[in-house]
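Colleague: Structure supplied as data.txt; contents: compact mmCIF, C-alpha atoms.
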# COMPACT_ATOMS: atom_id res chain seq x y z
CA MET A 1 44.59 128.51 79.30
CA THR A 2 48.06 129.81 78.55
CA HIS A 3 51.27 129.78 80.53
CA LYS A 4 54.10 132.26 80.94
CA LEU A 5 57.72 131.47 80.23
CA ASN A 6 59.16 130.83 83.67
CA THR A 7 61.90 128.24 83.50
CA LEU A 8 62.31 127.84 87.26
CA LEU A 9 60.07 125.59 89.30
CA ASP A 10 57.16 127.59 90.73
CA GLU A 11 57.86 129.10 94.15
CA GLY A 12 55.02 127.20 95.78
CA LEU A 13 56.37 123.89 94.50
CA VAL A 14 59.87 124.80 95.70
CA LEU A 15 58.49 125.45 99.20
CA ASP A 16 56.56 122.17 99.13
CA ALA A 17 59.67 120.31 97.97
CA ALA A 18 61.82 121.87 100.69
CA SER A 19 59.29 121.09 103.42
CA GLY A 20 58.66 117.54 102.24
CA ALA A 21 54.99 118.27 101.47
CA ALA A 22 55.38 117.74 97.71
CA PRO A 23 55.07 114.31 96.08
CA VAL A 24 58.40 112.48 95.98
CA ALA A 25 58.60 112.98 92.20
CA VAL A 26 58.43 116.77 92.58
CA ARG A 27 61.09 116.69 95.30
CA VAL A 28 63.37 114.71 93.01
CA LEU A 29 62.70 117.07 90.09
CA ALA A 30 63.45 120.09 92.30
CA ALA A 31 66.72 118.51 93.44
CA CYS A 32 67.66 117.71 89.83
CA GLN A 33 67.02 121.27 88.68
CA ALA A 34 69.09 122.55 91.60
CA GLU A 35 72.04 120.49 90.33
CA LEU A 36 71.69 121.87 86.82
CA ASN A 37 70.71 125.49 87.49
CA ASP A 38 72.42 127.91 89.90
CA ASP A 39 69.29 130.04 90.36
CA ALA A 40 67.19 126.98 91.19
CA ALA A 41 69.85 125.77 93.63
CA GLY A 42 69.81 129.12 95.44
CA ARG A 43 66.03 129.16 95.77
CA LEU A 44 65.81 125.57 97.02
CA SER A 45 68.68 126.08 99.47
CA ALA A 46 67.06 129.23 100.87
CA ALA A 47 63.74 127.43 101.36
CA GLU A 48 65.42 124.46 103.05
CA THR A 49 67.37 126.80 105.33
CA ALA A 50 64.18 128.63 106.31
CA PHE A 51 62.35 125.42 107.16
CA GLY A 52 65.40 124.17 109.05
CA ALA A 53 65.40 127.33 111.15
CA LEU A 54 61.72 126.84 111.97
CA LEU A 55 62.41 123.29 113.12
CA GLU A 56 65.24 124.45 115.35
CA CYS A 57 62.87 126.88 117.06
CA GLY A 58 60.41 124.14 117.92
CA PRO A 59 60.36 121.91 121.00
CA VAL A 60 62.80 119.01 121.08
CA ALA A 61 61.27 115.54 120.94
CA PRO A 62 62.96 112.16 121.41
CA VAL A 63 63.59 110.20 118.21
CA SER A 64 64.12 106.45 118.06
CA ILE A 65 67.22 105.07 116.36
CA ASP A 66 65.04 103.31 113.78
CA LEU A 67 63.17 106.51 112.85
CA TYR A 68 66.42 108.47 112.72
CA THR A 69 68.05 105.90 110.42
CA ARG A 70 65.07 105.79 108.06
CA THR A 71 64.79 109.58 107.95
CA VAL A 72 68.47 110.09 107.20
CA ALA A 73 68.31 107.42 104.47
CA GLU A 74 65.33 109.13 102.83
CA LEU A 75 66.82 112.60 103.02
CA GLY A 76 70.06 111.29 101.54
CA GLY A 77 68.13 110.31 98.44
CA PHE A 78 67.33 113.93 97.69
CA GLU A 79 70.59 115.65 98.57
CA THR A 80 71.09 118.71 96.40
CA ALA A 81 74.30 120.00 94.94
CA ALA A 82 75.75 123.31 96.06
CA ALA A 83 75.12 126.21 93.70
CA GLY A 84 77.46 125.95 90.75
CA GLU A 85 78.59 122.41 91.59
CA ALA A 86 78.96 120.44 88.38
CA VAL A 87 77.30 117.09 87.70
CA THR A 88 79.80 114.27 87.35
CA GLN A 89 80.77 113.63 83.76
CA SER A 90 80.31 109.87 84.15
CA SER A 91 76.51 110.16 84.48
CA VAL A 92 73.86 111.22 82.01
CA PHE A 93 71.51 112.07 84.87
CA PRO A 94 71.73 114.42 87.87
CA ARG A 95 72.77 112.63 91.05
CA ALA A 96 69.35 113.03 92.70
CA LEU A 97 67.82 111.06 89.83
CA GLU A 98 70.73 108.66 89.41
CA ARG A 99 70.25 107.49 93.01
CA ILE A 100 66.60 106.67 92.30
CA LEU A 101 67.40 104.81 89.07
CA SER A 102 70.25 102.83 90.59
CA ASP A 103 67.79 101.24 93.04
CA GLY A 104 65.71 99.68 90.26
CA GLU A 105 65.99 97.63 87.09
CA PRO A 106 68.21 98.67 84.16
CA ILE A 107 66.54 101.26 81.95
CA VAL A 108 64.71 99.73 78.99
CA TRP A 109 63.32 102.40 76.69
CA ASP A 110 59.89 101.97 75.06
CA ARG A 111 59.33 103.37 71.58
CA ARG A 112 56.54 105.90 71.20
CA PHE A 113 55.13 108.34 68.63
CA GLY A 114 57.58 109.70 66.05
CA GLY A 115 60.67 107.98 67.45
CA MET A 116 60.26 109.29 70.98
CA GLU A 117 61.53 106.90 73.67
CA GLU A 118 60.04 106.60 77.13
CA TYR A 119 60.97 105.03 80.46
CA VAL A 120 58.38 105.12 83.25
CA ILE A 121 59.96 105.54 86.71
CA HIS A 122 57.51 103.37 88.64
CA SER A 123 59.22 103.99 91.98
CA LEU A 124 58.24 107.69 91.73
CA CYS A 125 54.70 107.15 90.44
CA GLU A 126 51.79 107.32 92.84
CA PRO A 127 48.03 107.82 92.48
CA GLY A 128 47.52 110.91 90.31
CA VAL A 129 51.24 111.30 89.60
CA HIS A 130 52.90 109.79 86.50
CA VAL A 131 56.69 110.08 86.12
CA ARG A 132 58.82 109.23 83.10
CA LEU A 133 62.02 109.92 81.26
CA LEU A 134 61.75 110.99 77.62
CA LYS A 135 64.34 110.88 74.86
CA LEU A 136 63.18 113.09 72.00
CA PRO A 137 65.09 112.73 68.70
CA VAL A 138 66.31 115.65 66.61
CA GLY A 139 63.41 117.11 64.64
CA TRP A 140 60.73 115.51 66.84
CA ARG A 141 57.39 117.29 67.03
CA ALA A 142 54.64 116.37 69.47
CA PRO A 143 51.08 116.27 68.19
CA GLU A 144 49.12 119.23 69.51
CA HIS A 145 47.59 118.28 72.85
CA ALA A 146 45.95 119.62 75.99
CA HIS A 147 46.67 118.65 79.58
CA GLY A 148 44.21 117.09 82.01
CA GLY A 149 46.43 118.25 84.87
CA ASP A 150 49.66 120.14 85.43
CA GLU A 151 52.81 118.83 83.73
CA LEU A 152 56.39 119.62 84.82
CA THR A 153 59.13 118.92 82.27
CA LEU A 154 62.77 119.34 83.28
CA VAL A 155 65.25 119.43 80.40
CA MET A 156 68.48 117.60 81.28
CA SER A 157 70.16 117.84 77.88
CA GLY A 158 69.26 119.26 74.49
CA ALA A 159 66.34 121.67 74.17
CA PHE A 160 62.74 122.02 73.01
CA ARG A 161 60.45 124.93 72.34
CA ASP A 162 56.75 125.63 72.24
CA GLU A 163 54.61 128.67 71.48
CA VAL A 164 55.77 130.31 74.73
CA GLY A 165 59.54 129.94 74.43
CA ARG A 166 62.60 127.70 74.52
CA TYR A 167 63.69 125.34 77.30
CA GLY A 168 67.30 124.20 77.63
CA PRO A 169 69.29 122.20 80.18
CA GLY A 170 68.28 122.96 83.77
CA GLU A 171 65.03 124.66 82.75
CA VAL A 172 61.47 123.58 83.54
CA CYS A 173 58.39 123.90 81.35
CA HIS A 174 55.28 124.08 83.53
CA ALA A 175 52.20 123.35 81.40
CA ALA A 176 49.13 124.09 83.50
CA SER A 177 45.95 122.05 83.44
CA GLY A 178 43.98 122.88 80.30
CA HIS A 179 47.00 124.35 78.52
CA MET A 180 47.32 123.38 74.85
CA HIS A 181 50.69 123.23 73.13
CA ARG A 182 52.95 121.39 70.68
CA PRO A 183 56.58 120.98 71.83
CA VAL A 184 59.27 120.72 69.15
CA VAL A 185 62.88 119.62 69.68
CA ASP A 186 65.12 122.62 69.02
CA GLY A 187 68.67 122.29 67.64
CA GLU A 188 70.82 119.43 66.44
CA GLU A 189 70.88 117.46 69.69
CA ALA A 190 68.35 114.98 71.05
CA CYS A 191 66.46 116.20 74.11
CA LEU A 192 66.44 114.25 77.39
CA CYS A 193 63.72 115.17 79.88
CA LEU A 194 62.30 114.22 83.26
CA VAL A 195 58.51 114.63 83.20
CA VAL A 196 56.08 114.69 86.14
CA GLU A 197 52.41 114.65 85.12
CA PHE A 198 49.32 115.17 87.25
CA GLY A 199 46.82 114.32 84.51
CA GLN A 200 46.55 112.66 81.13
CA LEU A 201 47.55 114.22 77.84
CA LYS A 202 44.66 114.85 75.46
CA PRO A 203 45.47 114.94 71.72
CA THR A 204 43.41 117.59 69.93
CA ASN A 205 43.37 115.60 66.67
CA PRO A 206 40.24 113.37 66.90
CA ILE A 207 41.92 110.45 65.11
CA LEU A 208 44.93 110.53 67.42
CA ALA A 209 42.63 110.95 70.42
CA LEU A 210 40.72 107.80 69.40
CA ALA A 211 43.97 105.87 68.81
CA ASP A 212 45.25 107.03 72.18
CA ARG A 213 42.14 105.70 73.92
CA VAL A 214 42.06 102.38 72.02
CA LEU A 215 45.76 101.55 71.70
CA GLY A 216 47.09 103.20 74.84
CA ARG A 217 49.36 106.16 75.26
CA LEU A 218 50.96 107.29 71.99
CA PHE A 219 53.35 109.94 73.34
Output the file's structure in the form of structure tokens.
Modeller:
Amino acid sequence: MTHKLNTLLDEGLVLDAASGAAPVAVRVLAACQAELNDDAAGRLSAAETAFGALLECGPVAPVSIDLYTRTVAELGGFETAAAGEAVTQSSVFPRALERILSDGEPIVWDRRFGGMEEYVIHSLCEPGVHVRLLKLPVGWRAPEHAHGGDELTLVMSGAFRDEVGRYGPGEVCHAASGHMHRPVVDGEEACLCLVVEFGQLKPTNPILALADRVLGRLF
């Protein structure tokens, strides 16, 4: 299976994120892309406005103070920036992600294949959804692999490319289930990504596939 170069989050996922139907990780990724990409911010804002209008048309129901407080606190965790609003220079990460990370332990990067570094965001993981940050060094090349489920990769800094095209800051690579590719860091800057996976990676090289099964995840 192949995929087209579309660097914005798929429309269906944007609608799910705006309505709250998407997994938390996808909602956070959508909010992060909205901070980094004006087009993404416009699409997410339009979807949120549409769902807000639908809610206003519905019947009014009483809400307890406790429910209201918890709902406002949760929604505050995924506040999006206005279109064109810059990310603060003091942070490496978009605010939507920074808020999630600030609630947990300090980031400790794990070394993986070819110098890649990984940090699993356990607070965003759930059954069937694996979420991690990746730091890919200059010149890094992933082994060719297939995907057991969809994979969403948001570039926050630097860039990488595959056989379909190039992905820079604020752009998403959506590798569909069954898609086979080999990302390569592009340019003279390390690439920092937020990755949401709905299935395991499957190396096509039989030796790497065996090592991946025996030793645990290589990349």
Colleague: Report, in Å with one decimal, the straight-line distance from CA of Gln200 (chain A) to CA of Glu98 (chain A).
Modeller: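 Going from CA of Gln200 (chain A) over to CA of Glu98 (chain A), I get 25.9 Å.
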Colleague: My list of candidates is A:Cys191, A:Leu134, A:Leu44, A:Ala146. Which is closest to Gly168 (chain A) when distances are computed with all atoms listed in the file?
Modeller: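 Going through A:Cys191, A:Leu134, A:Leu44, A:Ala146 one by one, the smallest distance to Gly168 (chain A) is for A:Cys191.
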Colleague: Using only C-alpha atoms, which of the listed residues (A:Ala50, A:Leu13, A:Ala40, A:Leu101) sits closest to Val26 (chain A)?
Modeller: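 The answer is A:Leu13, which sits nearest to Val26 (chain A).
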Colleague: When you draw a straight line from CA of Gly115 (chain A) to CA of Leu29 (chain A), how long is it in Å?
Modeller: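 If I compute the distance from CA of Gly115 (chain A) to CA of Leu29 (chain A), I get 24.5 Å.
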Colleague: Between A:Leu36, A:Ala176, A:Leu133, A:Ala142, which residue has the minimum interatomic distance to Leu192 (chain A), considering all atoms listed in the file?
Modeller: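 Once distances to Leu192 (chain A) are computed over all atoms listed in the file, the minimum belongs to A:Leu133.
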Colleague: Name the residues in contact with region 155-164 of chain A at a cut-off of 10 Å, using only C-alpha atoms, excluding same-chain residues fewer than 5 positions from it; report them as a ChimeraX atom specification.
Modeller: /A:2-7,32-33,36,92-94,134-142,169-173,180-195
Colleague: Between CA of His174 (chain A) and CA of Leu152 (chain A), what is the spacing in Å?
Modeller: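 Those two atoms sit 4.8 Å apart.
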Colleague: With distances taken over only C-alpha atoms, which residue among A:Ala96, A:Met116, A:Val196, A:Ile121 lies nearest Ala31 (chain A)?
Modeller: A:Ala96
Colleague: Might you pull out every residue within 9 Å of Arg43 (chain A), with all atoms listed in the file counted and same-chain residues fewer than 6 positions away left off, and present them as JSON, numbers by chain?
Modeller: {"A": [11, 14, 34]}
Colleague: Find the spatial neighbours of Tyr119 (chain A), counting all atoms listed in the file, within a cut-off of 8 Å - ignore same-chain residues fewer than 4 positions away - and output them as number ranges by chain.
Modeller: A: 107-110, 132-134
Colleague: Which is closer to Ala17 (chain A) than all the others in A:Asp150, A:Asp38, A:Ser45, A:Val129, using only C-alpha atoms?
Modeller: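 Nearest candidate to Ala17 (chain A) out of A:Asp150, A:Asp38, A:Ser45, A:Val129: A:Ser45.
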Colleague: Could you model N, CA and C atoms for region 125-138 of chain A and present them as an mmCIF file, keeping the file's coordinate frame?
Modeller:
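New file selection_15.cif:
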data_model
loop_
_atom_site.group_PDB
_atom_site.id
_atom_site.type_symbol
_atom_site.label_atom_id
_atom_site.label_comp_id
_atom_site.auth_asym_id
_atom_site.auth_seq_id
_atom_site.Cartn_x
_atom_site.Cartn_y
_atom_site.Cartn_z
ATOM 1 N N CYS A 125 56.121 106.992 90.753
ATOM 2 C CA CYS A 125 54.700 107.150 90.440
ATOM 3 C C CYS A 125 53.863 106.858 91.681
ATOM 4 N N GLU A 126 52.758 107.550 91.777
ATOM 5 C CA GLU A 126 51.790 107.320 92.840
ATOM 6 C C GLU A 126 50.426 107.742 92.306
ATOM 7 N N PRO A 127 49.340 107.452 92.998
ATOM 8 C CA PRO A 127 48.030 107.820 92.480
ATOM 9 C C PRO A 127 47.965 109.295 92.075
ATOM 10 N N GLY A 128 47.622 109.544 90.814
ATOM 11 C CA GLY A 128 47.520 110.910 90.310
ATOM 12 C C GLY A 128 48.824 111.518 89.864
ATOM 13 N N VAL A 129 49.933 110.783 89.988
ATOM 14 C CA VAL A 129 51.240 111.300 89.600
ATOM 15 C C VAL A 129 51.935 110.274 88.697
ATOM 16 N N HIS A 130 52.224 110.665 87.469
ATOM 17 C CA HIS A 130 52.900 109.790 86.500
ATOM 18 C C HIS A 130 54.264 110.392 86.181
ATOM 19 N N VAL A 131 55.317 109.579 86.266
ATOM 20 C CA VAL A 131 56.690 110.080 86.120
ATOM 21 C C VAL A 131 57.413 109.263 85.068
ATOM 22 N N ARG A 132 58.095 109.951 84.155
ATOM 23 C CA ARG A 132 58.820 109.230 83.100
ATOM 24 C C ARG A 132 59.994 110.038 82.591
ATOM 25 N N LEU A 133 60.930 109.321 82.006
ATOM 26 C CA LEU A 133 62.020 109.920 81.260
ATOM 27 C C LEU A 133 61.654 109.880 79.789
ATOM 28 N N LEU A 134 62.002 110.942 79.060
ATOM 29 C CA LEU A 134 61.750 110.990 77.620
ATOM 30 C C LEU A 134 63.035 111.300 76.886
ATOM 31 N N LYS A 135 63.279 110.557 75.805
ATOM 32 C CA LYS A 135 64.340 110.880 74.860
ATOM 33 C C LYS A 135 63.682 111.275 73.554
ATOM 34 N N LEU A 136 63.837 112.553 73.182
ATOM 35 C CA LEU A 136 63.180 113.090 72.000
ATOM 36 C C LEU A 136 64.232 113.289 70.902
ATOM 37 N N PRO A 137 64.079 112.631 69.746
ATOM 38 C CA PRO A 137 65.090 112.730 68.700
ATOM 39 C C PRO A 137 65.097 114.099 68.017
ATOM 40 N N VAL A 138 66.191 114.392 67.360
ATOM 41 C CA VAL A 138 66.310 115.650 66.610
ATOM 42 C C VAL A 138 65.157 115.746 65.603
#
